[in-house]
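Raw protein12.cif, mmCIF, C-alpha atoms:
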```
data_protein
loop_
_atom_site.label_atom_id
_atom_site.label_comp_id
_atom_site.auth_asym_id
_atom_site.auth_seq_id
_atom_site.Cartn_x
_atom_site.Cartn_y
_atom_site.Cartn_z
CA MET A 1 108.66 88.32 87.87
CA LYS A 2 107.46 85.18 86.12
CA GLY A 3 110.70 84.32 84.31
CA ASP A 4 112.52 81.01 83.93
CA PHE A 5 114.96 81.63 86.79
CA THR A 6 116.77 79.27 89.13
CA ARG A 7 116.02 81.52 92.12
CA ASP A 8 116.14 85.12 93.31
CA THR A 9 119.09 85.56 95.70
CA PHE A 10 119.05 89.33 96.27
CA ASP A 11 118.50 90.26 99.92
CA LYS A 12 119.05 93.91 100.82
CA ASP A 13 119.41 92.98 104.50
CA LYS A 14 122.68 91.19 103.72
CA GLN A 15 124.16 94.50 102.50
CA PHE A 16 126.29 92.94 99.76
CA SER A 17 128.05 95.56 97.65
CA ARG A 18 128.76 93.43 94.57
CA VAL A 19 128.99 89.91 93.15
CA LEU A 20 132.49 88.60 92.46
CA MET A 21 132.81 85.95 89.78
CA GLN A 22 135.46 83.28 90.30
CA GLN A 23 137.46 81.46 87.65
CA GLY A 24 136.41 78.00 86.57
CA ARG A 25 133.09 78.16 88.38
CA VAL A 26 129.59 77.41 87.13
CA GLN A 27 127.81 80.58 86.03
CA LEU A 28 124.17 80.89 87.15
CA ASP A 29 121.49 83.39 86.20
CA ALA A 30 120.90 84.17 89.90
CA ASP A 31 124.43 85.60 90.31
CA TRP A 32 124.14 87.93 87.33
CA ASN A 33 120.64 89.01 88.36
CA GLU A 34 121.76 89.66 91.93
CA GLN A 35 124.57 91.94 90.71
CA ALA A 36 122.03 94.03 88.79
CA SER A 37 119.72 94.14 91.82
CA ILE A 38 122.53 95.26 94.15
CA LEU A 39 123.45 98.15 91.86
CA LEU A 40 119.82 99.10 91.27
CA HIS A 41 119.11 99.09 95.01
CA TYR A 42 122.07 101.41 95.61
CA LEU A 43 121.10 103.86 92.85
CA ARG A 44 117.43 104.02 93.79
CA THR A 45 118.20 104.39 97.49
CA LEU A 46 120.61 107.22 96.70
CA ALA A 47 118.03 108.95 94.49
CA ALA A 48 115.34 108.61 97.17
CA HIS A 49 117.63 110.10 99.81
CA LEU A 50 118.44 113.09 97.59
CA ILE A 51 114.98 113.67 96.09
CA GLY A 52 112.69 112.40 98.82
CA PRO A 53 109.75 110.03 98.37
CA HIS A 54 108.80 111.62 95.04
CA GLY A 55 109.65 114.61 92.86
CA GLY A 56 110.58 115.83 89.40
CA PRO A 57 113.27 118.15 88.03
CA ASP A 58 112.36 121.82 88.32
CA GLY A 59 110.85 123.01 85.04
CA ASP A 60 110.08 119.47 83.85
CA PRO A 61 106.29 118.98 83.44
CA GLY A 62 106.53 115.21 83.71
CA PHE A 63 103.24 113.79 85.06
CA LEU A 64 101.73 117.24 85.51
CA ILE A 65 97.96 116.68 85.58
CA ASP A 66 95.68 119.18 83.79
CA PRO A 67 92.02 119.07 82.68
CA ASP A 68 91.70 118.31 78.96
CA GLY A 69 88.46 120.29 78.53
CA ASN A 70 86.42 117.15 77.76
CA GLY A 71 85.97 115.76 81.26
CA GLY A 72 89.29 113.90 81.20
CA LEU A 73 92.86 114.70 82.19
CA THR A 74 96.17 115.17 80.41
CA ILE A 75 99.42 113.70 81.74
CA GLY A 76 102.48 115.85 81.13
CA GLN A 77 105.48 114.64 79.16
CA GLY A 78 108.71 114.26 81.12
CA CYS A 79 110.28 112.55 84.14
CA TYR A 80 109.30 111.96 87.74
CA TYR A 81 110.92 109.96 90.55
CA VAL A 82 108.97 107.77 92.97
CA ASP A 83 110.97 106.21 95.83
CA GLY A 84 114.06 106.77 93.71
CA ILE A 85 112.58 105.02 90.66
CA LEU A 86 112.79 106.99 87.42
CA CYS A 87 109.42 107.16 85.63
CA GLU A 88 109.40 108.48 82.08
CA ASN A 89 106.41 109.64 80.05
CA ARG A 90 107.67 110.06 76.49
CA GLU A 91 104.66 112.02 75.19
CA VAL A 92 101.63 113.86 76.54
CA ALA A 93 99.04 111.22 77.43
CA THR A 94 95.34 111.36 78.23
CA TYR A 95 93.39 109.86 81.09
CA ALA A 96 90.17 109.53 79.14
CA ASP A 97 87.79 108.09 81.77
CA PRO A 98 85.28 110.76 82.83
CA MET A 99 85.66 112.06 86.38
CA GLU A 100 82.38 110.99 87.95
CA ALA A 101 83.27 111.86 91.55
CA GLU A 102 83.28 115.50 92.61
CA ASP A 103 86.22 114.96 94.95
CA TYR A 104 89.10 112.78 93.79
CA LEU A 105 92.82 112.20 94.07
CA VAL A 106 95.02 111.54 91.03
CA TYR A 107 98.05 109.40 91.87
CA LEU A 108 100.90 107.53 90.22
CA ASP A 109 101.24 103.75 90.67
CA VAL A 110 104.73 102.43 89.83
CA TRP A 111 106.11 98.90 89.74
CA GLU A 112 108.44 96.69 87.74
CA ARG A 113 107.30 93.90 85.45
CA LEU A 114 108.84 91.29 83.20
CA VAL A 115 109.01 91.71 79.41
CA THR A 116 109.80 88.64 77.32
CA CYS A 117 110.08 88.11 73.57
CA ILE A 118 106.31 87.53 73.52
CA GLN A 119 105.70 91.18 74.39
CA ASP A 120 108.72 92.52 72.47
CA ASP A 121 109.97 90.35 69.62
CA GLU A 122 113.08 92.49 69.17
CA ILE A 123 114.49 90.87 72.31
CA ARG A 124 114.77 87.59 70.41
CA GLU A 125 117.97 86.92 68.46
CA LYS A 126 116.69 85.96 65.03
CA ALA A 127 119.91 84.08 64.17
CA LEU A 128 118.98 81.46 66.78
CA ASP A 129 115.89 80.64 64.71
CA GLY A 130 113.37 80.53 67.53
CA PRO A 131 114.75 80.14 71.07
CA ASP A 132 114.56 83.09 73.42
CA THR A 133 117.44 84.27 75.58
CA ALA A 134 117.37 86.87 78.37
CA ALA A 135 114.23 88.73 79.38
CA ARG A 136 113.93 92.36 80.43
CA ALA A 137 112.49 94.28 83.37
CA ARG A 138 110.53 97.45 82.72
CA VAL A 139 109.50 100.20 85.09
CA THR A 140 105.76 100.39 84.57
CA TRP A 141 103.48 103.20 85.67
CA ARG A 142 99.79 103.92 85.65
CA VAL A 143 97.99 107.14 86.51
CA ARG A 144 94.97 106.21 88.61
CA VAL A 145 92.14 108.07 90.33
CA GLN A 146 90.90 107.53 93.89
CA ASP A 147 87.35 108.63 94.73
CA LEU A 148 87.43 110.79 97.88
CA THR A 149 83.76 110.42 98.75
CA GLY A 150 81.95 107.77 100.77
CA GLU A 151 81.91 106.30 104.26
CA ALA A 152 85.45 104.88 104.13
CA VAL A 153 86.87 108.30 103.26
CA ASP A 154 84.78 109.97 105.98
CA ALA A 155 86.16 107.44 108.47
CA LEU A 156 89.71 108.29 107.40
CA LYS A 157 89.03 112.01 107.82
CA GLU A 158 87.76 111.34 111.33
CA GLU A 159 90.82 109.20 112.10
CA LEU A 160 93.17 111.94 110.91
CA GLY A 161 91.15 114.72 112.52
CA ILE A 162 90.69 116.71 109.30
CA GLN A 163 87.68 118.37 107.69
CA ALA A 164 88.85 118.16 104.06
CA PHE A 165 91.83 117.03 102.04
CA SER A 166 94.49 119.35 100.66
CA CYS A 167 97.79 118.57 98.97
CA ASP A 168 99.65 119.42 102.20
CA ILE A 169 97.48 116.99 104.18
CA VAL A 170 97.86 114.31 101.50
CA GLN A 171 101.65 114.68 101.67
CA GLU A 172 101.64 114.49 105.46
CA TYR A 173 99.47 111.36 105.68
CA TRP A 174 100.52 109.74 102.40
CA LYS A 175 101.92 106.53 103.94
CA ARG A 176 98.70 105.99 105.85
CA MET A 177 96.60 106.46 102.72
CA VAL A 178 98.78 104.06 100.74
CA SER A 179 98.56 101.34 103.41
CA LEU A 180 94.81 101.80 103.77
CA TRP A 181 93.79 101.82 100.12
CA TRP A 182 96.38 100.12 97.92
CA GLN A 183 99.26 98.40 99.73
CA PRO A 184 98.47 97.21 103.27
CA GLU A 185 101.48 96.89 105.53
CA ASP A 186 100.30 93.41 106.54
CA ARG A 187 99.48 91.49 103.35
CA GLY A 188 99.60 88.05 104.93
CA LYS A 189 102.53 85.67 105.33
CA LEU A 190 103.56 82.23 104.15
CA LYS A 191 105.89 79.48 105.30
CA ALA A 192 107.09 76.55 103.24
CA SER A 193 108.63 73.26 104.32
CA THR A 194 108.93 69.56 103.52
CA PRO A 195 107.70 67.97 106.75
CA SER A 196 107.92 64.29 107.49
CA PRO A 197 104.67 62.34 107.15
CA ALA A 198 102.37 62.40 110.15
CA GLY A 199 102.94 59.60 112.60
CA ASP A 200 106.69 59.29 112.05
CA ASP A 201 108.28 59.19 115.50
CA SER A 202 111.49 57.29 114.74
CA ASP A 203 114.51 58.25 116.85
CA ASP A 204 116.96 56.79 114.34
CA PRO A 205 118.72 59.76 112.66
CA CYS A 206 119.66 57.50 109.75
CA ALA A 207 116.10 56.39 109.10
CA ILE A 208 114.57 58.45 106.29
CA PRO A 209 110.79 58.31 106.54
CA PRO A 210 109.02 57.33 103.30
CA GLY A 211 108.06 60.47 101.44
CA SER A 212 110.05 62.89 103.60
CA GLY A 213 111.78 65.88 102.01
CA TYR A 214 111.41 67.14 98.46
CA ARG A 215 110.74 64.16 96.20
CA GLY A 216 110.74 65.88 92.81
CA LEU A 217 113.18 64.74 90.14
CA GLU A 218 113.99 68.29 88.98
CA ASN A 219 115.22 71.44 90.66
CA GLN A 220 112.31 73.87 90.55
CA LEU A 221 111.37 77.41 91.51
CA TYR A 222 107.81 77.21 92.84
CA ARG A 223 105.65 80.30 92.74
CA VAL A 224 102.64 80.73 95.03
CA GLU A 225 100.60 83.74 93.92
CA ILE A 226 97.47 85.36 95.32
CA HIS A 227 94.72 85.30 92.70
CA ASP A 228 91.75 87.05 94.31
CA GLY A 229 92.72 89.36 97.15
CA GLY A 230 90.97 90.00 100.46
CA ALA A 231 90.88 88.57 103.96
CA ALA A 232 92.00 84.97 104.50
CA ASP A 233 88.45 83.65 104.13
CA GLU A 234 88.02 85.52 100.82
CA ALA A 235 91.42 85.29 99.11
CA THR A 236 92.44 82.56 96.67
CA PHE A 237 95.81 81.42 95.36
CA LYS A 238 97.38 79.54 92.45
CA TRP A 239 100.80 77.98 92.06
CA SER A 240 103.37 77.03 89.45
CA ARG A 241 106.42 74.79 89.64
CA GLU A 242 108.10 76.88 86.90
CA ASN A 243 107.64 80.34 88.46
CA GLY A 244 104.69 80.93 86.13
CA SER A 245 107.04 81.08 83.14
CA ILE A 246 105.25 78.50 80.94
CA THR A 247 103.50 80.64 78.32
CA TYR A 248 102.18 80.23 74.78
CA PRO A 249 101.66 83.18 72.40
CA ILE A 250 98.05 83.35 71.18
CA LEU A 251 97.62 83.63 67.39
CA SER A 252 93.82 83.83 67.30
CA ILE A 253 90.70 83.05 69.32
CA ALA A 254 87.47 81.45 68.11
CA ASP A 255 85.06 81.36 71.05
CA SER A 256 86.62 78.87 73.51
CA ASP A 257 89.21 77.60 70.96
CA LEU A 258 92.62 79.27 71.17
CA PHE A 259 95.28 78.82 68.49
CA VAL A 260 98.71 79.17 70.05
CA GLN A 261 102.43 78.79 69.32
CA GLY A 262 104.87 76.45 71.01
CA LEU A 263 102.69 73.59 72.19
CA GLY A 264 105.05 70.95 73.50
CA ALA A 265 104.21 67.28 73.59
CA GLY A 266 105.18 65.06 76.47
CA ASP A 267 107.70 67.22 78.33
CA ARG A 268 107.41 69.28 81.52
CA PHE A 269 106.87 72.46 79.52
CA SER A 270 103.86 71.09 77.65
CA LEU A 271 100.17 71.73 78.12
CA ARG A 272 97.82 68.88 79.02
CA GLU A 273 94.11 68.34 79.34
CA GLY A 274 92.96 69.28 82.83
CA ASP A 275 95.52 72.09 83.20
CA TRP A 276 94.34 75.48 84.41
CA VAL A 277 95.45 78.50 82.42
CA GLU A 278 95.13 82.27 82.35
CA VAL A 279 94.72 84.46 79.26
CA VAL A 280 96.88 87.60 79.53
CA ASP A 281 97.59 90.58 77.28
CA ASP A 282 99.20 94.02 77.67
CA ASP A 283 96.05 95.57 79.15
CA SER A 284 95.26 92.84 81.67
CA ASP A 285 98.91 92.70 82.75
CA LEU A 286 98.61 96.31 83.91
CA GLU A 287 95.50 95.84 86.03
CA VAL A 288 95.26 94.83 89.66
CA SER A 289 92.38 92.37 89.26
CA PRO A 290 93.32 89.03 87.65
CA GLU A 291 91.68 87.29 84.71
CA PRO A 292 89.60 84.16 85.51
CA LEU A 293 91.39 80.83 85.38
CA LEU A 294 90.12 78.55 82.62
CA LYS A 295 90.38 74.78 82.29
CA VAL A 296 91.94 73.02 79.29
CA LEU A 297 89.41 70.55 77.87
CA GLY A 298 91.24 69.49 74.73
CA ILE A 299 94.48 69.93 72.78
CA ASP A 300 95.18 69.47 69.08
CA HIS A 301 98.95 69.59 68.59
CA ASP A 302 98.73 69.45 64.81
CA GLU A 303 96.57 72.58 64.63
CA GLY A 304 98.06 74.24 67.70
CA LYS A 305 94.55 74.45 69.15
CA VAL A 306 93.65 74.59 72.83
CA THR A 307 89.99 74.19 73.81
CA LEU A 308 88.97 75.78 77.09
CA ASN A 309 85.89 75.35 79.28
CA ALA A 310 84.84 78.93 78.51
CA ALA A 311 85.70 81.72 76.09
CA PRO A 312 87.99 84.50 77.38
CA GLU A 313 86.01 87.70 77.90
CA GLY A 314 87.50 90.99 76.78
CA VAL A 315 91.09 89.76 76.70
CA GLY A 316 93.36 88.01 74.21
CA GLY A 317 91.65 88.97 70.96
CA ASP A 318 93.91 91.85 69.87
CA GLN A 319 97.27 90.79 68.41
CA ASP A 320 98.64 94.31 68.94
CA LYS A 321 98.36 93.67 72.69
CA HIS A 322 100.59 90.54 72.59
CA PRO A 323 98.15 88.00 74.10
CA PHE A 324 99.43 84.75 75.57
CA LEU A 325 98.31 81.78 77.61
CA ARG A 326 99.96 81.10 81.00
CA ARG A 327 99.90 77.65 82.60
CA TRP A 328 99.38 77.11 86.33
CA ASP A 329 100.00 73.77 87.98
CA GLN A 330 97.34 73.28 90.68
CA ARG A 331 94.83 70.68 89.55
CA SER A 332 91.76 72.82 90.14
CA ASP A 333 90.60 76.41 89.93
CA ALA A 334 92.26 78.92 92.27
CA LEU A 335 92.37 77.50 95.81
CA ASN A 336 91.06 79.18 98.93
CA VAL A 337 93.75 80.60 101.21
CA GLU A 338 91.55 79.52 104.11
CA GLY A 339 89.84 76.26 103.32
CA GLU A 340 87.18 74.32 105.15
CA ASP A 341 87.26 74.48 108.96
CA GLY A 342 89.86 77.27 108.84
CA LYS A 343 92.45 75.11 107.06
CA THR A 344 95.45 77.15 105.88
CA VAL A 345 97.95 74.32 105.29
CA TRP A 346 98.20 72.99 101.75
CA ASP A 347 100.24 70.21 100.15
CA LEU A 348 101.54 71.30 96.76
CA GLU A 349 103.38 68.25 95.42
CA TYR A 350 106.46 66.08 95.99
CA GLY A 351 106.40 66.69 99.75
CA ILE A 352 106.22 70.50 99.62
CA GLN A 353 103.82 72.00 102.13
CA ILE A 354 102.81 75.63 102.51
CA GLU A 355 100.93 77.38 105.29
CA PHE A 356 99.30 80.80 105.05
CA CYS A 357 99.44 83.00 108.11
CA ALA A 358 97.03 85.89 108.43
CA PRO A 359 97.35 87.45 111.89
CA GLY A 360 95.12 90.36 112.86
CA ASP A 361 93.76 92.38 109.97
CA SER A 362 95.90 90.83 107.24
CA THR A 363 94.69 91.55 103.72
CA PHE A 364 96.05 89.40 100.91
CA ARG A 365 96.56 91.38 97.69
CA SER A 366 96.03 90.04 94.20
CA GLY A 367 99.35 89.52 92.40
CA ASP A 368 101.48 89.18 95.54
CA TYR A 369 103.66 86.09 95.43
CA TRP A 370 106.22 83.92 97.21
CA LEU A 371 109.09 82.00 95.56
CA ILE A 372 110.11 78.58 96.88
CA PRO A 373 113.32 77.04 95.44
CA ALA A 374 113.11 73.24 95.64
CA ARG A 375 116.34 71.26 95.25
CA THR A 376 116.91 67.56 94.65
CA ILE A 377 120.14 67.96 96.64
CA PRO A 378 119.70 68.08 99.63
CA GLY A 379 116.08 67.11 98.91
CA ASP A 380 114.49 70.14 100.51
CA VAL A 381 113.20 73.64 99.87
CA GLU A 382 115.25 76.76 100.52
CA TRP A 383 113.32 78.69 103.13
CA PRO A 384 114.42 80.74 106.17
CA GLU A 385 114.20 78.91 109.47
CA THR A 386 114.40 79.59 113.18
CA LEU A 387 117.32 78.27 115.24
CA ASP A 388 115.10 75.29 116.06
CA GLY A 389 114.64 74.46 112.39
CA GLU A 390 111.05 75.71 112.14
CA ALA A 391 110.02 77.48 108.93
CA LEU A 392 109.65 81.22 109.36
CA GLU A 393 106.57 83.20 108.37
CA VAL A 394 107.57 85.46 105.47
CA GLY A 395 105.72 88.36 103.86
CA PRO A 396 105.23 88.50 100.08
CA HIS A 397 108.37 88.60 97.95
CA GLY A 398 106.57 91.02 95.60
CA VAL A 399 105.08 92.72 93.68
CA GLU A 400 106.08 95.92 95.48
CA HIS A 401 104.25 98.99 94.22
CA HIS A 402 105.32 102.58 94.76
CA TYR A 403 102.91 105.51 94.87
CA ALA A 404 102.97 109.30 94.57
CA PRO A 405 100.18 111.91 94.67
CA LEU A 406 99.84 114.02 91.53
CA ALA A 407 96.71 116.17 91.80
CA LEU A 408 93.65 116.82 93.92
CA LYS A 409 90.12 117.99 93.12
CA ILE A 410 88.10 119.01 96.18
CA GLU A 411 84.67 120.63 96.75
CA GLY A 412 84.30 122.28 93.37
CA ASN A 413 87.73 123.93 93.49
CA ASP A 414 90.13 123.90 90.55
CA LEU A 415 92.40 120.91 90.14
CA GLU A 416 95.39 121.38 92.47
CA SER A 417 98.79 119.92 91.61
CA CYS A 418 100.40 117.82 94.36
CA ARG A 419 103.67 117.29 92.49
CA ARG A 420 106.98 118.16 94.08
CA SER A 421 109.99 119.51 92.23
CA PHE A 422 113.68 119.78 92.99
CA GLU A 423 116.46 121.95 91.64
CA PRO A 424 119.84 120.58 90.50
CA LEU A 425 122.34 120.16 93.33
CA PRO A 426 124.72 122.96 92.17
CA ILE A 427 121.85 125.48 92.36
CA LEU A 428 120.80 124.29 95.81
CA THR A 429 124.35 124.73 97.15
CA ASP A 430 125.11 127.94 95.22
CA TYR A 431 128.09 126.10 93.80
CA HIS A 432 129.04 126.61 90.17
CA LEU A 433 131.84 125.08 88.18
CA GLN A 434 134.39 127.59 87.00
CA PRO A 435 135.51 127.59 83.35
#
```

Translate the structure of the given file into structure tokens.
Amino acid sequence: MKGDFTRDTFDKDKQFSRVLMQQGRVQLDADWNEQASILLHYLRTLAAHLIGPHGGPDGDPGFLIDPDGNGGLTIGQGCYYVDGILCENREVATYADPMEAEDYLVYLDVWERLVTCIQDDEIREKALDGPDTAARARVTWRVRVQDLTGEAVDALKEELGIQAFSCDIVQEYWKRMVSLWWQPEDRGKLKASTPSPAGDDSDDPCAIPPGSGYRGLENQLYRVEIHDGGAADEATFKWSRENGSITYPILSIADSDLFVQGLGAGDRFSLREGDWVEVVDDDSDLEVSPEPLLKVLGIDHDEGKVTLNAAPEGVGGDQDKHPFLRRWDQRSDALNVEGEDGKTVWDLEYGIQIEFCAPGDSTFRSGDYWLIPARTIPGDVEWPETLDGEALEVGPHGVEHHYAPLALKIEGNDLESCRRSFEPLPILTDYHLQP
């Protein structure tokens, strides 16, 4: 999540049960956030163990898919759990896109995203007269459709040894389908470090090579995020020293001129000519493919005007969709994961170096990211290391999506529901409370 955080300290492998505050100590956002993550991990794990990978309460039509009679689909009102995550649809919704394919799978895509006062102004405490406070996380879902025709699908059928799909087959091979189409198990890896400059071979342990370590003057949380997904020679990335949290609400757009709120002047949160930015709104924030990065050509602080090298297309013009501008900190358009001559090592700034690792059939996915805390004391980045002090290759820190099949349309047959349901525990055990 692109919030203004010090770092993200939750690690399920450490098996912490709670955070214990101590008297007279400094209070950090990471401690409070870790406590919430520990509890959430416990609750969702418990729900997944009881319910299974997905399911809804018996008699609850939540996310029940039906034809709407006009070539689209209706999405039932109610609740459904995916990997223990509660998904709520508060009213019957419509999937309005026409079903062009004869054979298709309807599925639920679930993830968590950040909501700030830009998207929901009620979060802001008006008595503070402007500043924001805490942000929120929201479970976000989208009903999507997967075409089940074409060579790739035929190859999967041959791999699985099946003639046609059914809900039973989809349930049996669901993990394979997810990893093949939407969330590959190997989405590339990254390692971060602050190596000494090349050519330094001093044996003096007290000699600090010029430029070694993290040389920034501020503690930062760097974010490296995949922009365009694909293999290493296709994927691109962008980075931010503020975890992508520098944003400016958009008031209006006139071609390539954007009028925004909150333009700073001269501090690290300001916008400058030459910066690369991304225009985002509620719709684009829900899609897998990113918006193009645009370059800032001019800034008028008096008018709150930002002039870009091109006009945003199809995004940012509707105030009801809470548009905003996000700043990135690389000094060019999105960078290639694999540069010239197979280069995968990149210098960010202030001595921080990253290296992408894409063994085998790695597929980088748009939106996946890594967080790199950089600290002035001890002048290094916080990154896991081997016993020999070498930076470890780490998979993406997020965004983790969760998926569940909802319905299937095959070979001219009626739409078949793939939902699962569960009965309350007392009914399953034939146990009833006595008055």

Item to check | Which of A:Leu251, A:Leu294, A:Ala232, A:Ala192 sits closest to Asp347 in chain A [using only C-alpha atoms] | outcome: A:Ala192

Checklist entry - Which residues match the PyMOL selection byres ((chain A and resi 326) around 8) in the file above, as number ranges by chain? => result A: 244-248, 277-280, 324-325, 327-328

Next on the checklist: Evaluated on this file, the PyMOL selection byres ((chain A and resi 79) around 12) picks out some residues - which ones are they, written as an MDAnalysis selection string?
Outcome noted: chainID A and resid 54:64 75:78 80:82 84:92 141 419:422

Which residues would end up in the selection if the PyMOL selection byres ((chain A and resi 137) around 12) were applied here, given that I need the answer as an mmCIF file with C-alpha atoms, in the frame of the given file?
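In the end it all went to out.cif:
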```cif
data_model
loop_
_atom_site.group_PDB
_atom_site.id
_atom_site.type_symbol
_atom_site.label_atom_id
_atom_site.label_comp_id
_atom_site.auth_asym_id
_atom_site.auth_seq_id
_atom_site.Cartn_x
_atom_site.Cartn_y
_atom_site.Cartn_z
ATOM 1 C CA MET A 1 108.660 88.320 87.870
ATOM 2 C CA LYS A 2 107.460 85.180 86.120
ATOM 3 C CA GLY A 3 110.700 84.320 84.310
ATOM 4 C CA ASN A 33 120.640 89.010 88.360
ATOM 5 C CA ALA A 36 122.030 94.030 88.790
ATOM 6 C CA SER A 37 119.720 94.140 91.820
ATOM 7 C CA LEU A 40 119.820 99.100 91.270
ATOM 8 C CA TRP A 111 106.110 98.900 89.740
ATOM 9 C CA GLU A 112 108.440 96.690 87.740
ATOM 10 C CA ARG A 113 107.300 93.900 85.450
ATOM 11 C CA LEU A 114 108.840 91.290 83.200
ATOM 12 C CA VAL A 115 109.010 91.710 79.410
ATOM 13 C CA THR A 116 109.800 88.640 77.320
ATOM 14 C CA CYS A 117 110.080 88.110 73.570
ATOM 15 C CA GLN A 119 105.700 91.180 74.390
ATOM 16 C CA ASP A 120 108.720 92.520 72.470
ATOM 17 C CA ILE A 123 114.490 90.870 72.310
ATOM 18 C CA ALA A 134 117.370 86.870 78.370
ATOM 19 C CA ALA A 135 114.230 88.730 79.380
ATOM 20 C CA ARG A 136 113.930 92.360 80.430
ATOM 21 C CA ARG A 138 110.530 97.450 82.720
ATOM 22 C CA VAL A 139 109.500 100.200 85.090
ATOM 23 C CA THR A 140 105.760 100.390 84.570
#
```

Next on the checklist: So that I can check the surroundings of range 376-381 of chain A, please list as JSON, numbers by chain every protein, DNA and RNA residue that reaches within 8 Å of it, counting all atoms listed in the file and ignoring chain neighbours fewer than 3 positions away.
Outcome noted: {"A": [192, 193, 194, 213, 214, 215, 216, 217, 218, 219, 352, 372, 373]}

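Minimum distance to Gly317 in chain A across A:Leu415, A:Leu271, A:Glu400, A:Pro249 (counting all atoms listed in the file) occurs at A:Pro249.
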
Checklist entry - Leaving out range 300-310 of chain A and any residue of its chain fewer than 3 positions from it, which residues lie within 9 Å of it when counting all atoms listed in the file, given as a ChimeraX atom specification? => result /A:255-265,271,277,294-297,313

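Interatomic distance, CA of Arg142 in chain A to CA of Cys418 in chain A: 16.4 Å.
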
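You will find CA of Glu158 in chain A at 22.7 Å from CA of Glu416 in chain A.
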
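Interatomic distance, CA of Leu371 in chain A against CA of Lys238 in chain A: 12.4 Å.
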
Checklist outcome for this item: Between A:Glu273, A:Asp368, A:Asp282, A:Asp132, smallest distance to Trp239 in chain A by all atoms listed in the file belongs to A:Asp368

I want to know what sits within 10 Å of Ile38 in chain A, based on all atoms listed in the file, with residues of the same chain fewer than 4 positions away left out; could you give that as a CSV table (one decimal) with C-alpha atoms, in the coordinates of the input?
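For reference, selection11.csv as written:
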```csv
chain,number,residue,atom,x,y,z
A,10,PHE,CA,119.0,89.3,96.3
A,11,ASP,CA,118.5,90.3,99.9
A,12,LYS,CA,119.0,93.9,100.8
A,15,GLN,CA,124.2,94.5,102.5
A,16,PHE,CA,126.3,92.9,99.8
A,17,SER,CA,128.0,95.6,97.6
A,18,ARG,CA,128.8,93.4,94.6
A,19,VAL,CA,129.0,89.9,93.2
A,33,ASN,CA,120.6,89.0,88.4
A,34,GLU,CA,121.8,89.7,91.9
A,42,TYR,CA,122.1,101.4,95.6
A,43,LEU,CA,121.1,103.9,92.8
```

With 8 Å of padding per side, what axis-aligned box (centre and edge lengths, Å, one decimal) covers all the listed atoms of range 317-324 of chain A? Give it as JSON.
```
{"center_x": 96.1, "center_y": 89.5, "center_z": 72.0, "size_x": 24.9, "size_y": 25.6, "size_z": 23.2}
```

Checklist entry - Near Lys191 in chain A, within 10 Å and counting only C-alpha atoms, which residues show up once chain neighbours fewer than 2 positions away are dropped, as a PyMOL selection string? => result chain A and resi 189+193+345+353-357+370+372+383-385+390-395

Could those residues be written to a file, using C-alpha atoms, as an mmCIF file, in the frame of the given file?
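Contents of result_33.cif, freshly written:
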```cif
data_model
loop_
_atom_site.group_PDB
_atom_site.id
_atom_site.type_symbol
_atom_site.label_atom_id
_atom_site.label_comp_id
_atom_site.auth_asym_id
_atom_site.auth_seq_id
_atom_site.Cartn_x
_atom_site.Cartn_y
_atom_site.Cartn_z
ATOM 1 C CA LYS A 189 102.530 85.670 105.330
ATOM 2 C CA SER A 193 108.630 73.260 104.320
ATOM 3 C CA VAL A 345 97.950 74.320 105.290
ATOM 4 C CA GLN A 353 103.820 72.000 102.130
ATOM 5 C CA ILE A 354 102.810 75.630 102.510
ATOM 6 C CA GLU A 355 100.930 77.380 105.290
ATOM 7 C CA PHE A 356 99.300 80.800 105.050
ATOM 8 C CA CYS A 357 99.440 83.000 108.110
ATOM 9 C CA TRP A 370 106.220 83.920 97.210
ATOM 10 C CA ILE A 372 110.110 78.580 96.880
ATOM 11 C CA TRP A 383 113.320 78.690 103.130
ATOM 12 C CA PRO A 384 114.420 80.740 106.170
ATOM 13 C CA GLU A 385 114.200 78.910 109.470
ATOM 14 C CA GLU A 390 111.050 75.710 112.140
ATOM 15 C CA ALA A 391 110.020 77.480 108.930
ATOM 16 C CA LEU A 392 109.650 81.220 109.360
ATOM 17 C CA GLU A 393 106.570 83.200 108.370
ATOM 18 C CA VAL A 394 107.570 85.460 105.470
ATOM 19 C CA GLY A 395 105.720 88.360 103.860
#
```

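Minimum distance to Ile65 in chain A across A:Ile51, A:Ala404, A:Val143, A:Ala358 (counting all atoms listed in the file) occurs at A:Val143.
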
Checklist outcome for this item: From the list A:Leu108, A:Leu221, A:Ile162, A:Ala152, the nearest residue to His401 in chain A using only C-alpha atoms is A:Leu108
